[in-house]
Structures are given as structure tokens and as C-alpha cells.
Protein chains: 2
Amino acid sequence: MKSIPVLLMGCGGVGRDLLQHILTCRSLHAQQGLALRVVGVCDAKSLIAVSDDDLLIAQLTDPFLKEICRFKASSPSAPLSDLKTFDECVIYTTESAEKVVEIASNLGRSTGLVVVDCTASAETIGILTRVVDLDTIPHIQSFTSFALDSYLVGAGLPVITSLNRILASGDYVRCMIGSLSGTLGYVMSEVADGKPFSAVVKEAKSLGYTEPDPRDDLSGMDVARKVESLYPDKMGPGKMSLEDFLGSGLPLLDEDVEERIKAASLRGNVLRYVCIITDSSCGVGIQEVPKDSALGRSKGSDNVLEIYSRCYNKLPLVIQGAGAGNDTTAAGVLADIIDLQDLFSS
Amino acid sequence: MKSIPVLLMGCGGVGRDLLQHILTCRSLHAQQGLALRVVGVCDAKSLIAVSDDDLLIAQLTDPFLKEICRFKASSPSAPLSDLKTFDECVIYTTESAEKVVEIASNLGRSTGLVVVDCTASAETIGILTRVVDLDTIPHIQSFTSFALDSYLVGAGLPVITSLNRILASGDYVRCMIGSLSGTLGYVMSEVADGKPFSAVVKEAKSLGYTEPDPRDDLSGMDVARKVESLYPDKMGPGKMSLEDFLGSGLPLLDEDVEERIKAASLRGNVLRYVCIITDSSCGVGIQEVPKDSALGRSKGSDNVLEIYSRCYNKLPLVIQGAGAGNDTTAAGVLADIIDLQDLFSS
């Protein structure tokens, strides 16, 4: 039986669903000769981990993992330190980030370790960078580069695995164009149906598709760095309150969006908020795409990726599926962990 | 450098494109530490292979493989035995099938071997069965089961690799529905646009999308065993000549197809010729699918597969791309060979 140590950062939303998937899949993974050994679980405030003495063999027990899931489901904002029992484990509070790096360093030098970041926070980047930069044995180095290759795209869609297949066959990827934000996919397909931009954004917010401040989605920063924002600078956070933006700012944008949609329609196109990658450029923004392409026909919050290559020349390879949902994303994260199994010894 | 021995059956169409891809990818594969060693190439009549003494180290040279490609491109129906030179290799004619099994047996017990069937013939099944049944060392047994898992679907679409990912994450596949015949996909989307069935079939034939006798496609036998034929028994091969079928038989089917399309349209559906797999059944035939689903919106000869699972519940995971083309299919075969690399030692 091959044991894969896992340290999980973030145990609300996706993280909680990941723990549940791990528990559900115990017998499936056992059939594959695999056992996922959860050595630690963090939230924003605390880390619960096996004790240092037991780091190479112990794990958070399944009943205890279930208890964590129950606790986080019923009290999403309460810290892990409010749990009533800690099983055989140790709880770290103020020093939790240091402890994560220490555990990664120890296990990186011995069994290897999968560090999974299921937070929506940028604060964990510092920890991840330190974990990745650890100057340990070649084992963790190869692990690291592989892990960086295999990051999750499109809420778990099989994008990286499909790309690897295309590249292995000697095919040459010319261009990728994708709608990889479920929120913006929903907004763009609804405005194409004639609804005002402001009404659609408010609707998306009430459906829980957007962040609490929808400008976090509309700025495109969730998709990439080089971006076109869907609102002007002067309506940005800091310059305008959320209330003013929703009340008076947003409706000012309706006319502009409507005109762009009409102009596109005359050319047989629709507007989509997409990420485009070619061999010389990468950009994110509103783009006209043919009405009858996979991207143009997409509805709702589905993620869509079109890959054009030498083989997929006139018509692209299309990968399309749910672009949101903790359950789906957690399943994708779990598939990524299982993909790393060859890096661990039996 | 890891060496992967390959024996290729079929060197017209897809097989020829595969050889060309192997040659094109030499430096790419070398960067990945891989070398594909082609030990033999067959057509329907003959096998050209390295001599028995050199089986463990020699290969058909790149200039010779190029010569085979050139020869098969200029004289598709001429046998390999008409080649002017055979390099350092041996040509087997009447006994070629026996020799393939012998080579597979020898290499199966030592280095391992990838046997690639790029023929459109059912005659190779006997050879493949014997190769797979070879009672050799565990090495070839694991190789065999893996090879059977990884067969090509949908002209090289990343279907199996995506399914493996879904299953590894503990997700549960409820249903798969796919249009996996480029030819029938083309026919069904064109008749939906109002053209008579008979005209569309003749058009598909003139575009080279169908087999010489289009009934080979229309019978659905190309897709699976449990099938609904698009023509009645009495118009089958043996009961009606190809000429009569195209001239007088085919137009008799127009009215029926048109009525089914109209009835589906009243329910917001279109007709597609699909394969449906659930956990309890598998069938192939004409099916009504929602007009605005990925299958319903598909045009031309694209293959489309929808996967419904616990995670992809209301909206399926969709994989869509070119459903035909030797070049694309050959790239998929090459990706399958590269996927087997872990079964070979350096």
C-alpha cells in the first residue's frame, strides 16, 4: 500500500468537500493500492497536525476528519481551535504558518508531502513559496516542479491532462481561448440575451455567483494579471463604495455594453470575457467570438476552453463543463493529488 | 534514454501519418528521454522487420521509414513487397502474421513491445488476441491490461484520460452519451437543417466522409454492436446492390427521417445518432437530444461526448473535437504510445 501524506490548507468550502471526498474514496483508493494520510489541516487561524514524534506514520483519524467537516459545515466562520476535542493531535495557533513549513521540510526530506491550498486567500502564497523553495533532496524538487505543472484549471476540467496528451503526440498548440470564470461566463451570456448589464450583475450577486463585492469578479483579476476590467477606474474599490457602485455606478455601464453587443451581432459574433493565449501573447478581456462556436454558444456558468493546434485546425478541441461548485472543484483537486502518486514510494 | 519498441500493423492512412509523426517528433521525444524504436511495419500482405538476431537493439532506420511513407503515399494499394530496397531488414510475406506473434512473444519476454493496429480490418483481431494471450512474464501482462484500457476513442480525443481523472477523484459516472462517428454526425446535423436524407448521404459520400459503400456507416456497426441501422434490412448489402440503394432505396427513407425530425422539433429536440452508456445498458441509435445541448448544437463531423456524473450533474462535462482525419487520429495513437512509457525500463 502506497501512502501519500497530505497537508490541507483551508477547510471551508472546497477544502471541506475535499476531506469528504477523501473519506468517501477510502475503499476506492485502497483498491488502487493507495492511502491518503492527512497529517494536518489548517484554517486561517490554526493548524491541527499529528505530533512531531508521529509525523512519519500517524494521521488525523477518519472520525476526527468527519468531526472537522461537521464543525466547519455548522460554524463556517469559527476557528478550528473552537473544536471540543483534538483527537491525538496538536493544535498550533499563532505559529501555524511556521509549523506548516516545518512539517513540509521534514516530510519533504523523507516520505514527500502534498501541500494542498484550498483557501481563496493570497496570504498562503508566502507559505507555499517557502515550501516550494525548501532546499531538500531531489525527491521534493521533482515533486515541486510536477506539482506546479499540474495546477487546477477551470474548476477541475481535464485541461492540463489533455494539453499534455496533445504535446506528447508532437502536435503544436497555436492558440487557446477560454472562458474560465463561471461568473463572467454567466454575465456575458445573459447580457447577450438582451438584459441590462447592471441587472445581470445584480442577479449574479443574488444567486451567489459573485464575490460579496462583484467588482472582485468584474475586474478580471480572478482570471489573470493582464486584464481588461468591466468597469472604469473611477468606479473602483476605494474610489466608490459598494453601495454607490451597485446603485448608481453600474447602470451607467449598461449603454456601452449594449452598443458593443449590437456591433458584434452585426458581424455574426457575440461578446465573451475570455483568456487568450498564443505563442507570443496572453491577454484577458472582452472578445468577439463567432456566435456558433463552442464559446459563442456557451450558456450560464459553464467553463469553456478551445484549443487550436496543427491537428485541431479549423475546428478546435473543446473542453467544457461546470465552472464552479465546491464539490466539482474538490474532485478535481483530489484527481490532482492522485496524479502525483508516482512520486511517492510504496 | 528509454527505448520503446513499436510494431506497426497498417501503413496506409493513419499508419502512414503515425510513422510521419514519429519521425517529426524524434527530437521532442529525445528531450523527454524517449526513443521510439520501430522494429516492424506490416501491411495486409507483408511484414518488414529487423532481423531476429538484431531484435533487441535494431530498428527500421529513419530514411527507410521515410521511404515507406513515400511509397505508400504514391502507391496506396501496392504491397510493401514492391519496395525496391529493404534496408538491413527482412521481408516476410505469406507467414507475416505468424512472425508478428513471434516478435511480440520474444520482445514481450524481454524489453516489452507496443503493437499498434492502424488497419481498418477485422482480420488483425486474431493476431492481436494471440499477442495479448501470450503467456509470458508479468511485464507483458501488466502491459497488456494497460494497453486494453487505453484504446483510442473519438479519433484521439482525450476521453479515456479524462474518464480516468473523474474516476480517480471518486466521482461516479452516471451516463455517457456521445456522437462518435464523424460521418453520422455530419449526416444528422445536415438533415436537421432540412436537406433530404438521401441527398445528404450522397453528399457525404462525394466528400469522402463515408466508406465506399455508405451502408457500412449507416448500419452503425462502425460504432458498436448493439445498434439501430439507418436503413431497413431489405436494403442491406447482399439484398440490394449499392447502385440500387443509392438510386432508388435511399430516397424512400427521406420521408420517415423528415417526420422524425419534425416530431423531435416540436419537443425542442433534434435527432442525433449517438452511443449511450449507463451503468445498466449500452445502445447505439437515433436519439432525441435537447436542441441547446452540446450534442444538439454540434455541427459537421465533430465528435462530441457528454459525461454526466455526480459532479457534472445538470450540465455534463463535454469533450468535443475533430471526429475524423488521419493526421489527428495518428497524433492520438502516438499520445497513447507515449502514455505507455512507464511500462518500459530505461
# chains A, B, ... in the order shown; residues from 1 in each chain; ligands from 1
>>> interface_residues(of="chain A", to="chain B", cutoff="6 Å", atoms="only C-alpha atoms", output="short mmCIF file (atom, residue, chain, number, x, y, z; two decimals) with all heavy atoms, in the first residue's frame")
data_model
loop_
_atom_site.label_atom_id
_atom_site.label_comp_id
_atom_site.auth_asym_id
_atom_site.auth_seq_id
_atom_site.Cartn_x
_atom_site.Cartn_y
_atom_site.Cartn_z
N CYS A 25 -13.67 8.07 -0.66
CA CYS A 25 -12.88 7.29 -1.62
C CYS A 25 -11.93 6.30 -0.95
O CYS A 25 -11.12 5.68 -1.64
CB CYS A 25 -12.07 8.21 -2.53
SG CYS A 25 -13.08 9.18 -3.63
N PRO A 158 -10.46 18.59 -17.24
CA PRO A 158 -9.22 17.89 -17.60
C PRO A 158 -8.41 18.65 -18.65
O PRO A 158 -8.15 18.15 -19.72
CB PRO A 158 -9.73 16.55 -18.14
CG PRO A 158 -11.10 16.85 -18.68
CD PRO A 158 -11.66 17.94 -17.81
N SER A 162 -5.22 16.99 -20.89
CA SER A 162 -5.45 16.98 -22.33
C SER A 162 -4.33 17.69 -23.08
O SER A 162 -3.89 17.23 -24.14
CB SER A 162 -6.79 17.67 -22.65
OG SER A 162 -7.85 17.01 -22.00
N ARG A 165 -1.33 15.49 -23.34
CA ARG A 165 -1.55 14.48 -24.38
C ARG A 165 -1.26 15.06 -25.76
O ARG A 165 -0.61 14.42 -26.58
CB ARG A 165 -3.00 14.03 -24.31
CG ARG A 165 -3.18 12.54 -24.31
CD ARG A 165 -4.65 12.21 -24.35
NE ARG A 165 -4.97 11.62 -25.64
CZ ARG A 165 -4.72 10.36 -25.95
NH1 ARG A 165 -4.17 9.56 -25.08
NH2 ARG A 165 -5.01 9.90 -27.14
N ALA A 168 2.51 15.57 -26.12
CA ALA A 168 3.25 14.32 -26.22
C ALA A 168 3.17 13.74 -27.62
O ALA A 168 4.05 13.02 -28.06
CB ALA A 168 2.71 13.30 -25.21
N SER A 169 2.08 14.05 -28.33
CA SER A 169 1.91 13.48 -29.66
C SER A 169 2.59 14.34 -30.72
O SER A 169 2.49 14.05 -31.90
CB SER A 169 0.42 13.36 -29.98
OG SER A 169 -0.14 14.63 -30.23
N GLY A 170 3.30 15.38 -30.28
CA GLY A 170 4.04 16.20 -31.24
C GLY A 170 3.17 17.23 -31.93
O GLY A 170 3.62 17.94 -32.83
N CYS A 311 -3.39 19.78 -35.48
CA CYS A 311 -4.44 18.79 -35.73
C CYS A 311 -5.83 19.39 -35.60
O CYS A 311 -6.72 19.08 -36.39
CB CYS A 311 -4.31 17.62 -34.76
SG CYS A 311 -2.95 16.52 -35.13
N LEU A 317 -10.33 21.64 -30.47
CA LEU A 317 -10.67 20.70 -29.41
C LEU A 317 -11.35 21.51 -28.31
O LEU A 317 -10.83 22.53 -27.89
CB LEU A 317 -9.41 20.04 -28.87
CG LEU A 317 -9.59 19.16 -27.62
CD1 LEU A 317 -10.46 17.95 -27.91
CD2 LEU A 317 -8.24 18.70 -27.08
N VAL A 318 -12.54 21.07 -27.89
CA VAL A 318 -13.30 21.82 -26.91
C VAL A 318 -13.44 21.00 -25.62
O VAL A 318 -13.77 19.83 -25.67
CB VAL A 318 -14.72 22.14 -27.43
CG1 VAL A 318 -15.51 22.92 -26.38
CG2 VAL A 318 -14.63 22.93 -28.72
N ILE A 319 -13.15 21.63 -24.50
CA ILE A 319 -13.39 21.02 -23.19
C ILE A 319 -14.30 21.96 -22.42
O ILE A 319 -14.00 23.14 -22.28
CB ILE A 319 -12.08 20.79 -22.43
CG1 ILE A 319 -11.17 19.86 -23.24
CG2 ILE A 319 -12.35 20.18 -21.06
CD1 ILE A 319 -9.77 19.79 -22.73
N GLN A 320 -15.41 21.44 -21.97
CA GLN A 320 -16.46 22.30 -21.41
C GLN A 320 -17.10 21.61 -20.22
O GLN A 320 -17.35 20.42 -20.24
CB GLN A 320 -17.50 22.55 -22.51
CG GLN A 320 -18.67 23.40 -22.11
CD GLN A 320 -19.53 23.79 -23.31
OE1 GLN A 320 -19.21 23.47 -24.44
NE2 GLN A 320 -20.61 24.48 -23.04
N GLY A 321 -17.36 22.36 -19.17
CA GLY A 321 -18.04 21.77 -18.02
C GLY A 321 -18.24 22.79 -16.92
O GLY A 321 -17.83 23.95 -17.05
N THR A 328 -17.34 19.88 -7.27
CA THR A 328 -16.63 19.60 -8.52
C THR A 328 -15.16 19.99 -8.40
O THR A 328 -14.27 19.25 -8.83
CB THR A 328 -17.28 20.39 -9.67
OG1 THR A 328 -18.67 20.10 -9.66
CG2 THR A 328 -16.68 20.01 -10.99
N ALA A 331 -13.27 17.51 -6.28
CA ALA A 331 -12.99 16.28 -7.03
C ALA A 331 -11.79 16.48 -7.93
O ALA A 331 -10.94 15.58 -8.07
CB ALA A 331 -14.23 15.87 -7.84
N LEU A 334 -8.66 16.40 -5.82
CA LEU A 334 -8.33 15.02 -5.44
C LEU A 334 -7.69 14.27 -6.61
O LEU A 334 -6.72 13.53 -6.42
CB LEU A 334 -9.60 14.30 -4.95
CG LEU A 334 -9.41 12.88 -4.42
CD1 LEU A 334 -8.32 12.80 -3.37
CD2 LEU A 334 -10.73 12.34 -3.86
N ALA A 335 -8.22 14.48 -7.82
CA ALA A 335 -7.62 13.85 -9.01
C ALA A 335 -6.17 14.32 -9.18
O ALA A 335 -5.30 13.54 -9.55
CB ALA A 335 -8.44 14.16 -10.26
#
>>> residues_around(residues="range 212-214 of chain B", least_positions_apart="5", cutoff="12 Å", atoms="only C-alpha atoms", output="ChimeraX atom specification")
/B:183-184,187,198,200-207,219-222,229-231,236-237,240-246,250
>>> write_last_selection(atoms="C-alpha atoms", output="PDB file, in the first residue's frame")
ATOM      1  CA  THR B 183     -19.814  10.542 -40.720  1.00  0.00           C
ATOM      2  CA  LEU B 184     -23.125  10.065 -38.884  1.00  0.00           C
ATOM      3  CA  VAL B 187     -25.447  13.313 -41.753  1.00  0.00           C
ATOM      4  CA  SER B 198     -30.766  10.764 -49.445  1.00  0.00           C
ATOM      5  CA  VAL B 200     -27.049  14.317 -47.521  1.00  0.00           C
ATOM      6  CA  VAL B 201     -25.798  10.720 -47.690  1.00  0.00           C
ATOM      7  CA  LYS B 202     -24.789  11.176 -51.325  1.00  0.00           C
ATOM      8  CA  GLU B 203     -23.090  14.450 -50.437  1.00  0.00           C
ATOM      9  CA  ALA B 204     -21.203  12.781 -47.565  1.00  0.00           C
ATOM     10  CA  LYS B 205     -20.107  10.050 -49.952  1.00  0.00           C
ATOM     11  CA  SER B 206     -18.867  12.562 -52.546  1.00  0.00           C
ATOM     12  CA  LEU B 207     -16.946  14.443 -49.809  1.00  0.00           C
ATOM     13  CA  SER B 219     -25.594   0.416 -40.263  1.00  0.00           C
ATOM     14  CA  GLY B 220     -23.905   1.844 -37.168  1.00  0.00           C
ATOM     15  CA  MET B 221     -21.632  -1.205 -36.979  1.00  0.00           C
ATOM     16  CA  ASP B 222     -18.650   1.110 -37.004  1.00  0.00           C
ATOM     17  CA  SER B 229     -29.489   0.799 -38.505  1.00  0.00           C
ATOM     18  CA  LEU B 230     -30.449   3.845 -40.550  1.00  0.00           C
ATOM     19  CA  TYR B 231     -31.835   1.631 -43.329  1.00  0.00           C
ATOM     20  CA  GLY B 236     -28.923  -4.366 -46.766  1.00  0.00           C
ATOM     21  CA  PRO B 237     -25.783  -5.423 -48.625  1.00  0.00           C
ATOM     22  CA  MET B 240     -29.744  -4.788 -52.712  1.00  0.00           C
ATOM     23  CA  SER B 241     -26.850  -3.595 -54.856  1.00  0.00           C
ATOM     24  CA  LEU B 242     -25.010  -0.395 -53.935  1.00  0.00           C
ATOM     25  CA  GLU B 243     -26.268   1.177 -57.183  1.00  0.00           C
ATOM     26  CA  ASP B 244     -29.925   0.355 -56.417  1.00  0.00           C
ATOM     27  CA  PHE B 245     -29.525   1.544 -52.827  1.00  0.00           C
ATOM     28  CA  LEU B 246     -28.148   4.924 -53.874  1.00  0.00           C
ATOM     29  CA  LEU B 250     -32.191   5.780 -50.239  1.00  0.00           C
TER      30      LEU B 250
END
>>> select_by_dssp(residues="range 8-238 of chain B", states="helix (DSSP H, G or I)", output="number ranges by chain")
B: 13-24, 26-31, 52-54, 62-74, 80-82, 96-108, 124-133, 138-149, 154-156, 159-168, 182-192, 197-206, 215-218, 233-235
>>> write_last_selection(atoms="C-alpha atoms", output="mmCIF file, in the first residue's frame")
data_model
loop_
_atom_site.group_PDB
_atom_site.id
_atom_site.type_symbol
_atom_site.label_atom_id
_atom_site.label_comp_id
_atom_site.auth_asym_id
_atom_site.auth_seq_id
_atom_site.Cartn_x
_atom_site.Cartn_y
_atom_site.Cartn_z
ATOM 1 C CA GLY B 13 -3.816 6.331 -43.928
ATOM 2 C CA VAL B 14 -3.471 6.592 -40.148
ATOM 3 C CA GLY B 15 -0.467 4.247 -40.021
ATOM 4 C CA ARG B 16 1.472 6.322 -42.532
ATOM 5 C CA ASP B 17 0.662 9.540 -40.634
ATOM 6 C CA LEU B 18 1.788 7.822 -37.426
ATOM 7 C CA LEU B 19 5.166 6.988 -38.962
ATOM 8 C CA GLN B 20 5.486 10.593 -40.101
ATOM 9 C CA HIS B 21 4.608 11.893 -36.607
ATOM 10 C CA ILE B 22 7.182 9.534 -35.063
ATOM 11 C CA LEU B 23 9.835 10.940 -37.410
ATOM 12 C CA THR B 24 8.764 14.549 -36.774
ATOM 13 C CA ARG B 26 12.272 12.458 -32.776
ATOM 14 C CA SER B 27 13.872 15.494 -31.109
ATOM 15 C CA LEU B 28 10.812 16.235 -28.932
ATOM 16 C CA HIS B 29 10.832 12.675 -27.614
ATOM 17 C CA ALA B 30 14.611 12.784 -27.131
ATOM 18 C CA GLN B 31 14.117 15.834 -24.880
ATOM 19 C CA ASP B 52 15.829 -11.913 -35.460
ATOM 20 C CA ASP B 53 19.460 -11.516 -34.405
ATOM 21 C CA ASP B 54 19.039 -7.766 -34.006
ATOM 22 C CA ASP B 62 14.511 6.884 -40.327
ATOM 23 C CA PRO B 63 15.432 7.167 -44.034
ATOM 24 C CA PHE B 64 13.822 3.755 -44.599
ATOM 25 C CA LEU B 65 10.661 4.765 -42.670
ATOM 26 C CA LYS B 66 10.511 7.896 -44.857
ATOM 27 C CA GLU B 67 10.826 5.693 -47.926
ATOM 28 C CA ILE B 68 7.889 3.547 -46.698
ATOM 29 C CA CYS B 69 5.780 6.709 -46.220
ATOM 30 C CA ARG B 70 6.664 7.967 -49.691
ATOM 31 C CA PHE B 71 5.915 4.571 -51.248
ATOM 32 C CA LYS B 72 2.520 4.199 -49.512
ATOM 33 C CA ALA B 73 1.565 7.792 -50.392
ATOM 34 C CA SER B 74 2.278 7.306 -54.087
ATOM 35 C CA LEU B 80 5.274 -3.386 -49.169
ATOM 36 C CA SER B 81 6.973 -6.245 -51.005
ATOM 37 C CA ASP B 82 7.068 -3.997 -54.098
ATOM 38 C CA SER B 96 3.760 -12.420 -41.775
ATOM 39 C CA ALA B 97 1.018 -12.957 -39.157
ATOM 40 C CA GLU B 98 2.999 -15.782 -37.511
ATOM 41 C CA LYS B 99 6.078 -13.593 -37.475
ATOM 42 C CA VAL B 100 4.231 -10.725 -35.735
ATOM 43 C CA VAL B 101 3.187 -13.107 -32.941
ATOM 44 C CA GLU B 102 6.733 -14.461 -32.700
ATOM 45 C CA ILE B 103 8.267 -10.983 -32.430
ATOM 46 C CA ALA B 104 5.665 -9.975 -29.809
ATOM 47 C CA SER B 105 6.458 -13.123 -27.859
ATOM 48 C CA ASN B 106 10.226 -12.524 -27.955
ATOM 49 C CA LEU B 107 10.097 -8.835 -27.078
ATOM 50 C CA GLY B 108 7.269 -9.374 -24.577
ATOM 51 C CA THR B 124 -5.965 -8.403 -37.354
ATOM 52 C CA ILE B 125 -8.160 -9.238 -34.329
ATOM 53 C CA GLY B 126 -6.930 -12.846 -34.474
ATOM 54 C CA ILE B 127 -3.308 -11.678 -34.352
ATOM 55 C CA LEU B 128 -3.990 -9.176 -31.558
ATOM 56 C CA THR B 129 -5.805 -11.806 -29.496
ATOM 57 C CA ARG B 130 -2.856 -14.161 -29.801
ATOM 58 C CA VAL B 131 -0.419 -11.392 -28.886
ATOM 59 C CA VAL B 132 -2.495 -10.418 -25.831
ATOM 60 C CA ASP B 133 -2.925 -14.042 -24.733
ATOM 61 C CA PRO B 138 4.269 -10.352 -15.627
ATOM 62 C CA HIS B 139 5.791 -7.451 -17.537
ATOM 63 C CA ILE B 140 3.789 -8.099 -20.657
ATOM 64 C CA GLN B 141 0.700 -8.951 -18.668
ATOM 65 C CA SER B 142 0.549 -5.560 -16.993
ATOM 66 C CA PHE B 143 1.428 -4.020 -20.321
ATOM 67 C CA THR B 144 -1.474 -5.817 -21.908
ATOM 68 C CA SER B 145 -4.116 -4.813 -19.413
ATOM 69 C CA PHE B 146 -2.922 -1.251 -19.588
ATOM 70 C CA ALA B 147 -2.961 -1.261 -23.357
ATOM 71 C CA LEU B 148 -6.529 -2.515 -23.372
ATOM 72 C CA ASP B 149 -7.581 0.291 -21.043
ATOM 73 C CA GLY B 154 -13.150 9.529 -30.890
ATOM 74 C CA ALA B 155 -10.221 9.904 -33.263
ATOM 75 C CA GLY B 156 -7.832 10.786 -30.445
ATOM 76 C CA VAL B 159 -11.725 10.719 -23.443
ATOM 77 C CA ILE B 160 -10.052 7.865 -21.564
ATOM 78 C CA THR B 161 -7.614 10.165 -19.819
ATOM 79 C CA SER B 162 -10.498 12.410 -18.701
ATOM 80 C CA LEU B 163 -12.543 9.425 -17.528
ATOM 81 C CA ASN B 164 -9.584 8.105 -15.523
ATOM 82 C CA ARG B 165 -9.312 11.506 -13.845
ATOM 83 C CA ILE B 166 -13.004 11.544 -12.955
ATOM 84 C CA LEU B 167 -12.862 8.019 -11.547
ATOM 85 C CA ALA B 168 -9.638 8.675 -9.587
ATOM 86 C CA GLY B 182 -17.863 11.827 -37.732
ATOM 87 C CA THR B 183 -19.814 10.542 -40.720
ATOM 88 C CA LEU B 184 -23.125 10.065 -38.884
ATOM 89 C CA GLY B 185 -22.604 13.345 -37.019
ATOM 90 C CA TYR B 186 -22.369 15.091 -40.365
ATOM 91 C CA VAL B 187 -25.447 13.313 -41.753
ATOM 92 C CA MET B 188 -27.632 14.024 -38.711
ATOM 93 C CA SER B 189 -26.733 17.717 -38.446
ATOM 94 C CA GLU B 190 -27.282 18.279 -42.167
ATOM 95 C CA VAL B 191 -30.715 16.599 -42.255
ATOM 96 C CA ALA B 192 -31.675 18.731 -39.227
ATOM 97 C CA PHE B 197 -31.625 12.262 -46.064
ATOM 98 C CA SER B 198 -30.766 10.764 -49.445
ATOM 99 C CA ALA B 199 -29.138 13.967 -50.674
ATOM 100 C CA VAL B 200 -27.049 14.317 -47.521
ATOM 101 C CA VAL B 201 -25.798 10.720 -47.690
ATOM 102 C CA LYS B 202 -24.789 11.176 -51.325
ATOM 103 C CA GLU B 203 -23.090 14.450 -50.437
ATOM 104 C CA ALA B 204 -21.203 12.781 -47.565
ATOM 105 C CA LYS B 205 -20.107 10.050 -49.952
ATOM 106 C CA SER B 206 -18.867 12.562 -52.546
ATOM 107 C CA ARG B 215 -24.221 1.444 -45.655
ATOM 108 C CA ASP B 216 -21.054 0.459 -43.766
ATOM 109 C CA ASP B 217 -21.520 3.744 -41.878
ATOM 110 C CA LEU B 218 -25.328 3.866 -41.858
ATOM 111 C CA ASP B 233 -32.936 -4.983 -43.531
ATOM 112 C CA LYS B 234 -34.327 -5.382 -47.026
ATOM 113 C CA MET B 235 -31.962 -2.660 -48.300
#
>>> select_by_dssp(residues="range 42-225 of chain B", states="strand (DSSP E)", output="PyMOL selection string")
chain B and resi 42+47-49+90-92+114-117+173-179
>>> atom_distance(atom1="CA of Val6 in chain B", atom2="CA of Gln59 in chain B")
9.3 Å
>>> closest_residue(among="B:Pro196, B:Gly33, B:Gly208, B:Gly10", to="Pro79 in chain B", atoms="only C-alpha atoms")
B:Gly10
